[in-house]
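Asks: Encoded as structure tokens, here's the structure I'll be asking about.
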Amino acid sequence: MTTIDKLDISVYNLYAVRTKMIEQINQQLQLDKAASIPPQTQMVDIYPKLTEIDILLGIVPLFTPWAYFFPPKRIRFLRRSPFAFYRVTPTLGSLKEQREQEAELEAMECPTPEAQKEKEVILGCFKQIDKLNGWLGFIVGRIGQFLQG
């Protein structure tokens, strides 16, 4: 049976090297200051990057991500507060524009049963978007109440 006094000196050297590496990583990433960051902080980063653990371990991904492109310029610097009331799909325009699009879709006549089915699916999507917007407003409202005290 092997006991601690019978271990080779290289085990202790490896332990010291690993400990030093962990201390360097903690210093580089400033992990000792992480406790001072409030839990309500949210960082929005929309650019695809390798994860920090992949960089630290030197792992190279074997697949090519399909989303290596930049967002449109009008959206690129848009910052949203997590405590503001915003919608699930702001790209549909204002609520008035969204209602107009939905009314236009309802008034549209469909020549084939397949087109009618597609119309019903899109109208169902509009209803789900409205429901999600309502849920989002409720959740963000509760978050605001919680933060007030």
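Following the order of the structure tokens, first chain is A, next is B, and so on, with residues numbered from 1 inside each chain and ligands from 1 in the order they appear.
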Name the residues in contact with range 97-107 of chain A at a cut-off of 12 Å, using only C-alpha atoms, excluding same-chain residues fewer than 4 positions from it; report them as a PyMOL selection string.
Replies: chain A and resi 87+89-93+115-116+118-127+129-130
Asks: Please, could you write that set of residues out with C-alpha atoms as an mmCIF file, in the first residue's frame?
Replies:
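Listed below is the output, out_34.cif:
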data_model
loop_
_atom_site.group_PDB
_atom_site.id
_atom_site.type_symbol
_atom_site.label_atom_id
_atom_site.label_comp_id
_atom_site.auth_asym_id
_atom_site.auth_seq_id
_atom_site.Cartn_x
_atom_site.Cartn_y
_atom_site.Cartn_z
ATOM 1 C CA ARG A 87 -41.317 43.056 -26.182
ATOM 2 C CA THR A 89 -40.171 40.611 -31.016
ATOM 3 C CA PRO A 90 -39.375 44.309 -31.403
ATOM 4 C CA THR A 91 -38.531 43.720 -35.079
ATOM 5 C CA LEU A 92 -42.258 43.513 -35.866
ATOM 6 C CA GLY A 93 -42.466 47.254 -35.239
ATOM 7 C CA ALA A 115 -52.380 29.023 -47.904
ATOM 8 C CA GLN A 116 -55.306 29.067 -45.437
ATOM 9 C CA GLU A 118 -50.290 28.933 -43.324
ATOM 10 C CA LYS A 119 -52.418 31.983 -42.529
ATOM 11 C CA GLU A 120 -53.854 30.262 -39.453
ATOM 12 C CA VAL A 121 -50.364 29.295 -38.289
ATOM 13 C CA ILE A 122 -49.091 32.875 -38.632
ATOM 14 C CA LEU A 123 -52.152 34.219 -36.781
ATOM 15 C CA GLY A 124 -51.444 31.677 -34.049
ATOM 16 C CA CYS A 125 -47.889 33.007 -33.863
ATOM 17 C CA PHE A 126 -49.209 36.550 -33.412
ATOM 18 C CA LYS A 127 -51.421 35.354 -30.547
ATOM 19 C CA ILE A 129 -46.326 36.671 -29.237
ATOM 20 C CA ASP A 130 -49.043 38.700 -27.488
#
Asks: Between CA of Lys20 in chain A and CA of Pro39 in chain A, what is the distance in Å, rounded to a tenth?
Replies: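 So the two atoms, CA of Lys20 in chain A and CA of Pro39 in chain A, lie 29.3 Å apart.
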Asks: Between CA of Gln148 in chain A and CA of Gln42 in chain A, what distance in Å does the model show, to one decimal?
Replies: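 CA of Gln148 in chain A sits 18.0 Å away from CA of Gln42 in chain A.
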Asks: Rounded to one decimal in Å, what is the spacing between CA of Gly137 in chain A and CA of Leu95 in chain A?
Replies: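 A separation of 13.9 Å between them.
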Asks: From the set A:Lys73, A:Gln40, A:Ser94, A:Asp8, which residue has the shortest atom-to-atom contact distance to Phe146 in chain A, counting only C-alpha atoms?
Replies: A:Gln40
